[in-house]
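S.K.: Next up is a structure, given as structure tokens.
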Amino acid sequence: MSALPPNPAAPLQAILRRHGHDPSALLQILIEAQDIDGWLPAPALTQIAAALGLPRARVEGVAGFYSFLYDRPVGRYRVLFSDNITDRMLGNRALLDALCRKLWVEPDKVSEDGLVSIATTSCTGLCDQGPAMLINGRAIGQLNHRRINEIAELIRQQRPLDQWPAEYFHIDDNIRRRDALLQLDMLPGAALAAAVARGREGWLAEMQASNLRGRGGAGFATAVKWASARNAAGTRKVVVCNADEGEPGTFKDRVLLNTCADLVFEGMTLAAWAAGADSGFLYLRGEYRYLRPQLEAVLARRRTAGLLGKGILGEAGFDFDITIHLGAGAYVCGEETALLESLEGKRGTPRIRPPFPVTHGYLGRPTVVNNVETLAKTCLIALEGGAAFAATGTAQSAGTKLLSISGDCAAPGIYEYPFGVSIARILEDCGASDTQAVQVGGAAGICLAAYEFQRRIAYEDVPTAGAFMIFDGSRDLFEVARAFVHFFAHESCGFCTPCRVGTALLRGFMDKLNDGHGAKADLADIDWLDRLLKNASHCGLGSAAPNPVIDTLQKFRPAYERRLVSLDFEPAFDLDAALAEARQLTARDDPGAHLQTHEEDGR
Amino acid sequence: MKQFLLDGQPVPFEDGQSILEAARQAGHYIPSLCWHKDFPAHGSCKLCIVKAAGRHVSACATPAKEGWEVESATPEMNGERRALLQMLFVEGNHFCPSCEKSGNCELQALGYEYEMLTSRFRHFYPDRPVDASHPDVLLDFNRCIFCELCVRASRDVDGKAVFALTGRGINKHLVVNAESGRLGDTDFSKDDLAARICPVGVILRKGPGFAVPIGERTYDGQSIREQKLKEEES
């Protein structure tokens, strides 16, 4: 038996007190506790577990799940380079190497003086102004060698981030095309007043008439979700806004939260009015933590204006408020049941469904989970009516869609189009030329080749959560697919066998091809893994993980085939590479320290 | 009584029963590793994968439905199960000939049942040190398949929560409830249900090693299919 842990230090006690020693706030407590030392020492986990009445192993399990929680020291300046394919295309690797060289530190390690650590992280949602990085949680875009030199100098001088040039932290919205939503100039509360005037039933009827479908990609009818939660047994219903925008290449939610936060919060309140919910959560991805202060300010203003709190707009019984909950670097938490687990302070493992969140969601309560854009759109419906909304877009896809456009084009940024717009039209508008392929919907989406550019953005043709990454003729689509495969292997929660092992195996096969050891047999194994992942995975992450490979193998097969050595089978094991550690230990890299592993080498 | 068709055979079921439970009750074997009759469905190993009405689902976590046509013992589904077993074998370090659990191990028995002749995929050879700190029990993490049966048994039955999973993806791993990370520093006991529930060879009693000789163990004389259906009858 271990001895009782010593009492937590004052800062940790203050954090625990602020969260009322509530075990369901575990993730929030860990995030804040980490701010004390920059990482989570083992005794801190023991103290937190004791204070919350949780087994220590469970706290360790949660701390170990999220990429932004650290169980070992990191640098006082913690640099994370965004590593989406669009960042790579803009040269992030060379910048990372340059920064490491200037600061005398190896990637993924802490400098000897504890000053700095440098690593990569999944897409940070700045693809329109990359390459990007997070430094101690704050985002910097438009990196180049000049900026990297300056950053190295500032770190060397140990200048606090507050004293860094403000323009570093300036994030552009880059709104390039506005339609119904982005043209809307609404006084806060106007949509809510319209919906309250209609009554709960009348408002839900308006939503039903609008045919609004979820903008997170799956396209479920929003009104059906709201009505199901409303009709579900139980009180204390919940509305959750899913702002865990982790899909590589997507950044529309960042822009909506930055400039239209009122629309998002008003949409949440509209959902609460329809579903009869009294509490709301904005699940904000850890990468967007820098938006939190301004979002809290908007919430405070709305409370003062009577748009949140008790008796909203003077309507007796209409009580609703919103809490911001931070994520900590886990793409899988964008899956709604994993998000709910995370909201409850647990590991972000997707639940078994049924039951569905509308009946058994947050803490078992009926819960509506909607995408940021979906909620913002409900303001349009409240103001202009369901029929007007349903009349735009296509028959099966009403309204507009925000696209996050990045990659090889003249004007990356946010474009709002009515559903039904063709890929070709979008490419023309954003100034793309010599386009080889477009990845729509992010890593989990679909890769379209030039012969498909007449297809349209709509649930019935090319559905998307909003990512739109463009690759011109100079790009290697195998590299694109390999980057996405690495992403999924990194983000797999590890719950089910096919995804946990399959994504790691797939990564191994793609690396084997990349390293010049590929054989035809590998393509057959890749096919087989793709099918198994698609069929047997527990959630959408695993079943979408092979998509980039399936599409590119089908449409850009030469990109794979030119990497094969023309054998039926080729071992992945590389004897010479296995000697790398021995070479490092002996500080040798001469020809005598290498083995000839290929017949071709010997000739 | 309501029924569905499993590989063409009618299987009766009660409302709320899963495909797997109803099938086993009716004498049809659907394999599993993480499922246990005394615990709610977990759905992580995916060995029980079947095709119900054309869709792949976990038989343990899917309530049976009247009139469904369910495919289970088909070459397609068994092929997928074999691949899942191969994944579990290459992910950890499984050396059956030297393992105390050989012959009593469900993973090994399923390997035989589904005619797994090679590991097919590249081995990961993870570095997972053993924990011999407890006086009565050895933990050999090399064989863990993340079924969480020990996690669930310790938490829900023993009331101790000795085990938990941490990490993510292929780096997920089992930890114990002590700051030192050592089982000897927890309140774990050899009499806990969690000490007896591991389907593979992670949680092993110290002392009585190889008490039953190889060749006379649970799955040496009969297949896991026969054994599990026999357990169902008793």
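Residues are named by chain letter and number: chains run A, B, ... in the order of the structure tokens, numbers start at 1 in each chain, and ligands are numbered from 1 in the order shown.
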Show me, as a list in words, the residues of chain B whose atoms get within 7 Å of chain A, using only C-alpha atoms for the distance check.
M.R.: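 The selection requested is Ser44, Cys45, Lys46, Ile49, His56, Glu80, Leu84, Met87, Glu91, Ala161, Phe163, Ala164, Leu165, Thr166, Gly167, Arg168, Gly169, Ile170, Lys172, Val175, Val176, Asn177, Ala178, Glu179, Asp185, Thr186 and Asp187 of chain B.
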S.K.: Suppose we keep N, CA and C atoms; can you now write the selection as a PDB file, in the first residue's frame?
M.R.:
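Final output, result.pdb:
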```pdb
ATOM      1  N   SER B  44     -14.162  -4.514 -28.058  1.00  0.00           N
ATOM      2  CA  SER B  44     -12.873  -4.007 -28.518  1.00  0.00           C
ATOM      3  C   SER B  44     -12.091  -5.006 -29.373  1.00  0.00           C
ATOM      4  N   CYS B  45     -12.195  -6.318 -29.062  1.00  0.00           N
ATOM      5  CA  CYS B  45     -11.326  -7.262 -29.791  1.00  0.00           C
ATOM      6  C   CYS B  45     -11.788  -7.468 -31.228  1.00  0.00           C
ATOM      7  N   LYS B  46     -13.085  -7.360 -31.432  1.00  0.00           N
ATOM      8  CA  LYS B  46     -13.719  -7.476 -32.757  1.00  0.00           C
ATOM      9  C   LYS B  46     -13.671  -8.898 -33.332  1.00  0.00           C
ATOM     10  N   ILE B  49     -16.939 -10.338 -34.847  1.00  0.00           N
ATOM     11  CA  ILE B  49     -17.519  -9.607 -35.969  1.00  0.00           C
ATOM     12  C   ILE B  49     -18.363 -10.543 -36.863  1.00  0.00           C
ATOM     13  N   HIS B  56     -21.277  -5.037 -41.288  1.00  0.00           N
ATOM     14  CA  HIS B  56     -20.384  -5.601 -40.271  1.00  0.00           C
ATOM     15  C   HIS B  56     -20.732  -5.030 -38.904  1.00  0.00           C
ATOM     16  N   GLU B  80     -11.414 -12.571 -41.902  1.00  0.00           N
ATOM     17  CA  GLU B  80     -11.200 -11.324 -41.166  1.00  0.00           C
ATOM     18  C   GLU B  80     -10.780 -11.622 -39.730  1.00  0.00           C
ATOM     19  N   LEU B  84      -7.423 -10.476 -37.693  1.00  0.00           N
ATOM     20  CA  LEU B  84      -7.441  -9.795 -36.389  1.00  0.00           C
ATOM     21  C   LEU B  84      -6.540 -10.538 -35.396  1.00  0.00           C
ATOM     22  N   MET B  87      -3.042  -9.745 -36.144  1.00  0.00           N
ATOM     23  CA  MET B  87      -2.720  -8.405 -35.615  1.00  0.00           C
ATOM     24  C   MET B  87      -2.375  -8.479 -34.129  1.00  0.00           C
ATOM     25  N   GLU B  91       1.348  -7.565 -32.596  1.00  0.00           N
ATOM     26  CA  GLU B  91       1.375  -6.351 -31.788  1.00  0.00           C
ATOM     27  C   GLU B  91       2.150  -6.544 -30.486  1.00  0.00           C
ATOM     28  N   ALA B 161      -9.979  -1.222  -8.504  1.00  0.00           N
ATOM     29  CA  ALA B 161      -9.435  -0.472  -9.645  1.00  0.00           C
ATOM     30  C   ALA B 161      -7.908  -0.534  -9.685  1.00  0.00           C
ATOM     31  N   PHE B 163      -6.163  -1.875 -12.112  1.00  0.00           N
ATOM     32  CA  PHE B 163      -5.633  -1.740 -13.471  1.00  0.00           C
ATOM     33  C   PHE B 163      -6.332  -0.624 -14.245  1.00  0.00           C
ATOM     34  N   ALA B 164      -5.595  -0.046 -15.186  1.00  0.00           N
ATOM     35  CA  ALA B 164      -6.185   0.915 -16.127  1.00  0.00           C
ATOM     36  C   ALA B 164      -5.320   0.930 -17.372  1.00  0.00           C
ATOM     37  N   LEU B 165      -5.882   1.477 -18.441  1.00  0.00           N
ATOM     38  CA  LEU B 165      -5.102   1.631 -19.665  1.00  0.00           C
ATOM     39  C   LEU B 165      -4.669   3.077 -19.797  1.00  0.00           C
ATOM     40  N   THR B 166      -3.461   3.268 -20.276  1.00  0.00           N
ATOM     41  CA  THR B 166      -3.030   4.619 -20.597  1.00  0.00           C
ATOM     42  C   THR B 166      -2.375   4.602 -21.978  1.00  0.00           C
ATOM     43  N   GLY B 167      -1.929   5.764 -22.432  1.00  0.00           N
ATOM     44  CA  GLY B 167      -1.384   5.846 -23.789  1.00  0.00           C
ATOM     45  C   GLY B 167      -2.515   5.781 -24.803  1.00  0.00           C
ATOM     46  N   ARG B 168      -2.140   5.813 -26.084  1.00  0.00           N
ATOM     47  CA  ARG B 168      -3.136   5.872 -27.143  1.00  0.00           C
ATOM     48  C   ARG B 168      -2.632   5.098 -28.341  1.00  0.00           C
ATOM     49  N   GLY B 169      -3.562   4.600 -29.142  1.00  0.00           N
ATOM     50  CA  GLY B 169      -3.187   3.917 -30.366  1.00  0.00           C
ATOM     51  C   GLY B 169      -2.305   2.719 -30.075  1.00  0.00           C
ATOM     52  N   ILE B 170      -1.302   2.516 -30.908  1.00  0.00           N
ATOM     53  CA  ILE B 170      -0.436   1.349 -30.769  1.00  0.00           C
ATOM     54  C   ILE B 170       0.427   1.459 -29.501  1.00  0.00           C
ATOM     55  N   LYS B 172      -0.842   2.254 -26.587  1.00  0.00           N
ATOM     56  CA  LYS B 172      -1.697   2.025 -25.422  1.00  0.00           C
ATOM     57  C   LYS B 172      -1.092   0.909 -24.575  1.00  0.00           C
ATOM     58  N   VAL B 175      -1.518  -0.119 -17.033  1.00  0.00           N
ATOM     59  CA  VAL B 175      -0.779   0.368 -15.869  1.00  0.00           C
ATOM     60  C   VAL B 175      -1.506  -0.084 -14.608  1.00  0.00           C
ATOM     61  N   VAL B 176      -0.796  -0.010 -13.486  1.00  0.00           N
ATOM     62  CA  VAL B 176      -1.405  -0.395 -12.217  1.00  0.00           C
ATOM     63  C   VAL B 176      -1.554   0.835 -11.327  1.00  0.00           C
ATOM     64  N   ASN B 177      -2.351   0.670 -10.301  1.00  0.00           N
ATOM     65  CA  ASN B 177      -2.777   1.808  -9.480  1.00  0.00           C
ATOM     66  C   ASN B 177      -1.749   2.147  -8.406  1.00  0.00           C
ATOM     67  N   ALA B 178      -0.574   2.588  -8.826  1.00  0.00           N
ATOM     68  CA  ALA B 178       0.451   2.987  -7.857  1.00  0.00           C
ATOM     69  C   ALA B 178       1.372   3.988  -8.530  1.00  0.00           C
ATOM     70  N   GLU B 179       1.821   4.978  -7.753  1.00  0.00           N
ATOM     71  CA  GLU B 179       2.697   6.000  -8.327  1.00  0.00           C
ATOM     72  C   GLU B 179       3.992   5.379  -8.820  1.00  0.00           C
ATOM     73  N   ASP B 185       3.034  -2.457  -5.064  1.00  0.00           N
ATOM     74  CA  ASP B 185       2.644  -1.286  -4.277  1.00  0.00           C
ATOM     75  C   ASP B 185       1.133  -1.017  -4.341  1.00  0.00           C
ATOM     76  N   THR B 186       0.372  -1.954  -4.892  1.00  0.00           N
ATOM     77  CA  THR B 186      -1.091  -1.803  -4.910  1.00  0.00           C
ATOM     78  C   THR B 186      -1.700  -2.771  -3.896  1.00  0.00           C
ATOM     79  N   ASP B 187      -3.015  -2.697  -3.749  1.00  0.00           N
ATOM     80  CA  ASP B 187      -3.692  -3.618  -2.831  1.00  0.00           C
ATOM     81  C   ASP B 187      -4.174  -4.872  -3.558  1.00  0.00           C
TER      82      ASP B 187
END
```
S.K.: Write down as JSON, numbers by chain the residues of range 43-169 of chain A whose backbone DSSP state falls under strand (DSSP E).
M.R.: {"A": [77, 78, 79, 80, 81, 82, 116, 117, 118, 119, 120, 121, 133, 134, 135, 138, 139, 140]}
S.K.: How about saving the chosen residues, N, CA and C atoms kept, as a CSV table (one decimal), in the first residue's frame?
M.R.:
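This went into selection.csv:
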```csv
chain,number,residue,atom,x,y,z
A,77,TYR,N,9.9,26.7,-23.3
A,77,TYR,CA,9.3,27.1,-24.6
A,77,TYR,C,9.0,25.8,-25.3
A,78,ARG,N,7.7,25.5,-25.5
A,78,ARG,CA,7.4,24.2,-26.1
A,78,ARG,C,6.8,24.5,-27.5
A,79,VAL,N,7.6,24.2,-28.5
A,79,VAL,CA,7.3,24.5,-29.9
A,79,VAL,C,6.7,23.2,-30.5
A,80,LEU,N,5.6,23.4,-31.1
A,80,LEU,CA,5.0,22.3,-31.9
A,80,LEU,C,4.7,22.8,-33.3
A,81,PHE,N,5.4,22.2,-34.3
A,81,PHE,CA,5.1,22.5,-35.7
A,81,PHE,C,3.9,21.8,-36.1
A,82,SER,N,3.0,22.5,-36.7
A,82,SER,CA,1.8,21.8,-37.3
A,82,SER,C,2.3,21.0,-38.5
A,116,VAL,N,14.0,24.7,-24.1
A,116,VAL,CA,13.1,24.5,-25.3
A,116,VAL,C,13.0,23.0,-25.7
A,117,SER,N,11.8,22.7,-26.2
A,117,SER,CA,11.6,21.4,-26.8
A,117,SER,C,10.8,21.7,-28.1
A,118,ILE,N,11.2,20.9,-29.2
A,118,ILE,CA,10.6,21.1,-30.5
A,118,ILE,C,10.1,19.8,-31.0
A,119,ALA,N,8.8,19.8,-31.5
A,119,ALA,CA,8.2,18.5,-32.0
A,119,ALA,C,7.2,18.9,-33.0
A,120,THR,N,6.5,17.9,-33.6
A,120,THR,CA,5.4,18.2,-34.5
A,120,THR,C,4.1,17.8,-33.8
A,121,THR,N,3.0,18.3,-34.4
A,121,THR,CA,1.7,18.0,-33.9
A,121,THR,C,0.8,17.9,-35.1
A,133,MET,N,2.8,27.0,-36.3
A,133,MET,CA,3.3,26.3,-35.0
A,133,MET,C,2.5,26.8,-33.9
A,134,LEU,N,2.5,26.0,-32.8
A,134,LEU,CA,2.0,26.4,-31.5
A,134,LEU,C,3.2,26.5,-30.6
A,135,ILE,N,3.3,27.7,-29.9
A,135,ILE,CA,4.3,27.8,-28.9
A,135,ILE,C,3.6,28.1,-27.6
A,138,ARG,N,0.1,29.0,-28.0
A,138,ARG,CA,-0.3,30.1,-28.8
A,138,ARG,C,0.1,29.9,-30.3
A,139,ALA,N,-0.8,30.3,-31.2
A,139,ALA,CA,-0.5,30.0,-32.6
A,139,ALA,C,0.3,31.0,-33.3
A,140,ILE,N,1.2,30.6,-34.1
A,140,ILE,CA,1.9,31.5,-35.0
A,140,ILE,C,1.8,30.9,-36.4
```
S.K.: What's the separation between CA of His36 in chain B and CA of Lys228 in chain B, in Å to one decimal place?
M.R.: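 Spanning CA of His36 in chain B to CA of Lys228 in chain B is a straight-line distance of 11.1 Å.
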S.K.: What lies within 9 Å of Lys206 in chain B using only C-alpha atoms, ignoring chain neighbours under 5 positions off, as a list in words?
M.R.: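 Those residues are Pro135, Asp136, Val137 and Leu138 of chain B.
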S.K.: Take the residues from that selection and write them out as a CSV table (one decimal), in the first residue's frame, keeping N, CA and C atoms.
M.R.:
```csv
chain,number,residue,atom,x,y,z
B,135,PRO,N,4.2,-10.3,-4.4
B,135,PRO,CA,4.7,-11.6,-3.9
B,135,PRO,C,4.0,-12.8,-4.6
B,136,ASP,N,2.8,-12.7,-5.0
B,136,ASP,CA,2.1,-13.8,-5.5
B,136,ASP,C,1.8,-13.8,-7.0
B,137,VAL,N,1.9,-12.7,-7.6
B,137,VAL,CA,1.5,-12.6,-9.0
B,137,VAL,C,2.5,-11.9,-9.9
B,138,LEU,N,2.7,-12.4,-11.1
B,138,LEU,CA,3.6,-11.8,-12.0
B,138,LEU,C,2.8,-11.2,-13.2
```
S.K.: I need the residues in range 1-85 of chain B that are alpha helix (DSSP H) according to DSSP; give them as an MDAnalysis selection string.
M.R.: chainID B and resid 19:25 75:85
S.K.: Would you mind telling me which residue in A:Arg236, A:His21, A:His517, A:Lys310 lies nearest to Ala50 in chain A when using only C-alpha atoms?
M.R.: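 Answer, going by the shortest atom-to-atom distance: A:His21.
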S.K.: Could you work out how far CA of Ala544 in chain A lies from CA of Ile423 in chain A, giving the answer in Å with one decimal?
M.R.: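 Rounded to one decimal, the two atoms are 21.7 Å apart.
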S.K.: Just checking: using only C-alpha atoms, which residue out of A:Asp37, A:Asp87, A:Glu167, A:Glu581 ends up closest to Pro73 in chain A?
M.R.: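 Ranked by minimum distance to Pro73 in chain A, first place goes to A:Asp37.
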S.K.: Can you tell me which residues surround Ser223 in chain B at a distance of at most 10 Å, considering only C-alpha atoms, apart from same-chain residues fewer than 5 positions away, and format the answer as a list in words?
M.R.: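 These residues fall inside the cut-off: Ala109, Leu110, Tyr112, Glu113, Thr218 and Lys228 of chain B.
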S.K.: How about saving the chosen residues, N, CA, C and O atoms kept, as a short mmCIF file (atom, residue, chain, number, x, y, z; two decimals), in the first residue's frame?
M.R.:
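The new file part-v2.cif reads:
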```
data_model
loop_
_atom_site.label_atom_id
_atom_site.label_comp_id
_atom_site.auth_asym_id
_atom_site.auth_seq_id
_atom_site.Cartn_x
_atom_site.Cartn_y
_atom_site.Cartn_z
N ALA B 109 -5.59 -20.59 -28.51
CA ALA B 109 -6.63 -21.53 -28.92
C ALA B 109 -7.38 -21.02 -30.14
O ALA B 109 -7.73 -21.79 -31.04
N LEU B 110 -7.61 -19.69 -30.19
CA LEU B 110 -8.29 -19.13 -31.36
C LEU B 110 -7.40 -19.17 -32.58
O LEU B 110 -7.87 -19.31 -33.71
N TYR B 112 -5.41 -21.57 -33.31
CA TYR B 112 -5.63 -22.92 -33.85
C TYR B 112 -7.01 -23.03 -34.51
O TYR B 112 -7.15 -23.56 -35.60
N GLU B 113 -8.01 -22.52 -33.81
CA GLU B 113 -9.40 -22.65 -34.29
C GLU B 113 -9.55 -22.02 -35.67
O GLU B 113 -10.26 -22.54 -36.53
N THR B 218 -6.56 -27.05 -20.87
CA THR B 218 -7.94 -26.85 -21.32
C THR B 218 -8.13 -27.04 -22.82
O THR B 218 -9.02 -27.77 -23.26
N LYS B 228 -16.08 -23.66 -25.07
CA LYS B 228 -16.96 -22.52 -24.76
C LYS B 228 -18.43 -22.93 -24.84
O LYS B 228 -19.26 -22.48 -24.04
#
```
S.K.: With a distance cut-off of 9 Å and only C-alpha atoms, select the neighbouring residues of Ile324 in chain A, excluding the residue or stretch itself and same-chain residues fewer than 2 positions from it, and output the selection as a list in words.
M.R.: Gly280, Phe281, Leu282, Tyr283, Leu284, Arg292, Leu295, Glu296, Ile322 and Leu326 of chain A
S.K.: What's the separation between CA of Glu201 in chain A and CA of Pro188 in chain A, in Å to one decimal place?
M.R.: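 Computed distance, CA of Glu201 in chain A to CA of Pro188 in chain A, equals 22.3 Å.
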S.K.: Tell me which protein, DNA and RNA residues are within 7 Å of range 439-456 of chain A, counting only C-alpha atoms, leaving out same-chain ones fewer than 5 positions away, and put them as a list in words.
M.R.: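 Contacts, with the query itself left out: Glu247, Pro248, Gly249, Thr250, Gly420, Val421, Ser422, Ile423, Ala424, Asp461, Val462, Thr464, Ala465, Gly466, Ala467, Phe468, Met469, Ile470, Phe484, Ala544, Ala545, Asn547, Pro548, Asp551, Thr552 and Lys555 of chain A.
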S.K.: Produce a file of the selected residues containing N, CA, C and O atoms, as an mmCIF file, in the first residue's frame.
M.R.:
```
data_model
loop_
_atom_site.group_PDB
_atom_site.id
_atom_site.type_symbol
_atom_site.label_atom_id
_atom_site.label_comp_id
_atom_site.auth_asym_id
_atom_site.auth_seq_id
_atom_site.Cartn_x
_atom_site.Cartn_y
_atom_site.Cartn_z
ATOM 1 N N GLU A 247 -10.126 17.698 -38.149
ATOM 2 C CA GLU A 247 -9.913 17.107 -39.468
ATOM 3 C C GLU A 247 -8.823 17.895 -40.197
ATOM 4 O O GLU A 247 -8.966 19.107 -40.381
ATOM 5 N N PRO A 248 -7.746 17.227 -40.612
ATOM 6 C CA PRO A 248 -6.671 17.963 -41.281
ATOM 7 C C PRO A 248 -7.212 18.778 -42.461
ATOM 8 O O PRO A 248 -7.974 18.267 -43.275
ATOM 9 N N GLY A 249 -6.841 20.030 -42.515
ATOM 10 C CA GLY A 249 -7.269 20.875 -43.623
ATOM 11 C C GLY A 249 -8.531 21.668 -43.348
ATOM 12 O O GLY A 249 -8.985 22.417 -44.200
ATOM 13 N N THR A 250 -9.121 21.516 -42.160
ATOM 14 C CA THR A 250 -10.354 22.244 -41.846
ATOM 15 C C THR A 250 -10.050 23.393 -40.882
ATOM 16 O O THR A 250 -9.335 23.200 -39.906
ATOM 17 N N GLY A 420 -24.124 22.400 -54.005
ATOM 18 C CA GLY A 420 -24.329 22.149 -55.419
ATOM 19 C C GLY A 420 -23.238 22.760 -56.284
ATOM 20 O O GLY A 420 -23.196 22.550 -57.487
ATOM 21 N N VAL A 421 -22.337 23.512 -55.651
ATOM 22 C CA VAL A 421 -21.264 24.139 -56.421
ATOM 23 C C VAL A 421 -20.287 23.052 -56.900
ATOM 24 O O VAL A 421 -20.036 22.076 -56.193
ATOM 25 N N SER A 422 -19.771 23.219 -58.107
ATOM 26 C CA SER A 422 -18.877 22.192 -58.650
ATOM 27 C C SER A 422 -17.442 22.430 -58.190
ATOM 28 O O SER A 422 -17.050 23.561 -57.867
ATOM 29 N N ILE A 423 -16.667 21.351 -58.180
ATOM 30 C CA ILE A 423 -15.256 21.442 -57.802
ATOM 31 C C ILE A 423 -14.535 22.406 -58.744
ATOM 32 O O ILE A 423 -13.719 23.234 -58.309
ATOM 33 N N ALA A 424 -14.860 22.306 -60.033
ATOM 34 C CA ALA A 424 -14.183 23.138 -61.027
ATOM 35 C C ALA A 424 -14.396 24.621 -60.736
ATOM 36 O O ALA A 424 -13.464 25.432 -60.817
ATOM 37 N N ASP A 461 -23.601 14.007 -53.407
ATOM 38 C CA ASP A 461 -22.496 13.786 -54.350
ATOM 39 C C ASP A 461 -21.166 13.729 -53.598
ATOM 40 O O ASP A 461 -20.684 12.643 -53.292
ATOM 41 N N VAL A 462 -20.585 14.861 -53.303
ATOM 42 C CA VAL A 462 -19.344 14.887 -52.521
ATOM 43 C C VAL A 462 -19.640 15.551 -51.176
ATOM 44 O O VAL A 462 -19.650 16.779 -51.076
ATOM 45 N N THR A 464 -18.898 16.793 -47.349
ATOM 46 C CA THR A 464 -17.676 17.264 -46.709
ATOM 47 C C THR A 464 -17.987 18.034 -45.433
ATOM 48 O O THR A 464 -19.012 18.693 -45.331
ATOM 49 N N ALA A 465 -17.061 17.928 -44.492
ATOM 50 C CA ALA A 465 -17.146 18.771 -43.306
ATOM 51 C C ALA A 465 -16.523 20.130 -43.598
ATOM 52 O O ALA A 465 -16.620 21.036 -42.793
ATOM 53 N N GLY A 466 -15.859 20.259 -44.731
ATOM 54 C CA GLY A 466 -15.376 21.580 -45.107
ATOM 55 C C GLY A 466 -13.952 21.677 -45.602
ATOM 56 O O GLY A 466 -13.560 22.689 -46.162
ATOM 57 N N ALA A 467 -13.146 20.631 -45.395
ATOM 58 C CA ALA A 467 -11.755 20.718 -45.841
ATOM 59 C C ALA A 467 -11.687 20.564 -47.361
ATOM 60 O O ALA A 467 -12.422 19.788 -47.956
ATOM 61 N N PHE A 468 -10.780 21.324 -47.961
ATOM 62 C CA PHE A 468 -10.637 21.309 -49.418
ATOM 63 C C PHE A 468 -9.163 21.619 -49.709
ATOM 64 O O PHE A 468 -8.751 22.765 -49.733
ATOM 65 N N MET A 469 -8.373 20.556 -49.853
ATOM 66 C CA MET A 469 -6.926 20.739 -50.034
ATOM 67 C C MET A 469 -6.555 20.444 -51.483
ATOM 68 O O MET A 469 -6.925 19.408 -52.027
ATOM 69 N N ILE A 470 -5.808 21.362 -52.070
ATOM 70 C CA ILE A 470 -5.544 21.305 -53.506
ATOM 71 C C ILE A 470 -4.091 20.897 -53.763
ATOM 72 O O ILE A 470 -3.173 21.420 -53.123
ATOM 73 N N PHE A 484 -1.378 11.213 -44.463
ATOM 74 C CA PHE A 484 -2.669 10.977 -43.811
ATOM 75 C C PHE A 484 -2.650 9.656 -43.037
ATOM 76 O O PHE A 484 -3.252 9.542 -41.965
ATOM 77 N N ALA A 544 -12.558 5.260 -41.686
ATOM 78 C CA ALA A 544 -12.133 6.268 -42.661
ATOM 79 C C ALA A 544 -10.626 6.245 -42.884
ATOM 80 O O ALA A 544 -10.141 6.781 -43.876
ATOM 81 N N ALA A 545 -9.893 5.621 -41.957
ATOM 82 C CA ALA A 545 -8.425 5.680 -42.028
ATOM 83 C C ALA A 545 -7.853 5.195 -43.362
ATOM 84 O O ALA A 545 -6.861 5.748 -43.836
ATOM 85 N N ASN A 547 -9.212 5.492 -46.295
ATOM 86 C CA ASN A 547 -9.729 6.242 -47.452
ATOM 87 C C ASN A 547 -8.649 6.865 -48.328
ATOM 88 O O ASN A 547 -8.690 6.714 -49.551
ATOM 89 N N PRO A 548 -7.677 7.585 -47.737
ATOM 90 C CA PRO A 548 -6.688 8.216 -48.607
ATOM 91 C C PRO A 548 -5.899 7.200 -49.438
ATOM 92 O O PRO A 548 -5.529 7.484 -50.572
ATOM 93 N N ASP A 551 -8.331 5.645 -52.268
ATOM 94 C CA ASP A 551 -8.542 6.568 -53.387
ATOM 95 C C ASP A 551 -7.286 6.736 -54.241
ATOM 96 O O ASP A 551 -7.351 6.700 -55.463
ATOM 97 N N THR A 552 -6.155 6.939 -53.579
ATOM 98 C CA THR A 552 -4.952 7.210 -54.367
ATOM 99 C C THR A 552 -4.451 5.952 -55.068
ATOM 100 O O THR A 552 -3.912 6.027 -56.162
ATOM 101 N N LYS A 555 -6.726 5.852 -58.097
ATOM 102 C CA LYS A 555 -6.669 6.943 -59.078
ATOM 103 C C LYS A 555 -5.245 7.369 -59.442
ATOM 104 O O LYS A 555 -5.047 8.019 -60.462
#
```
S.K.: Using only C-alpha atoms, determine which residues lie at most 7 Å from range 375-381 of chain A, disregarding the query and same-chain residues fewer than 5 positions distant; provide the list as an MDAnalysis selection string.
M.R.: chainID A and resid 181 191 207 210 263:264 267:268 370 386 389
S.K.: Just checking: using only C-alpha atoms, which residue out of A:Val485, A:Phe478, A:Glu336, A:Thr269 ends up closest to Arg302 in chain A?
M.R.: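 That would be A:Thr269, the residue with the smallest distance to Arg302 in chain A.
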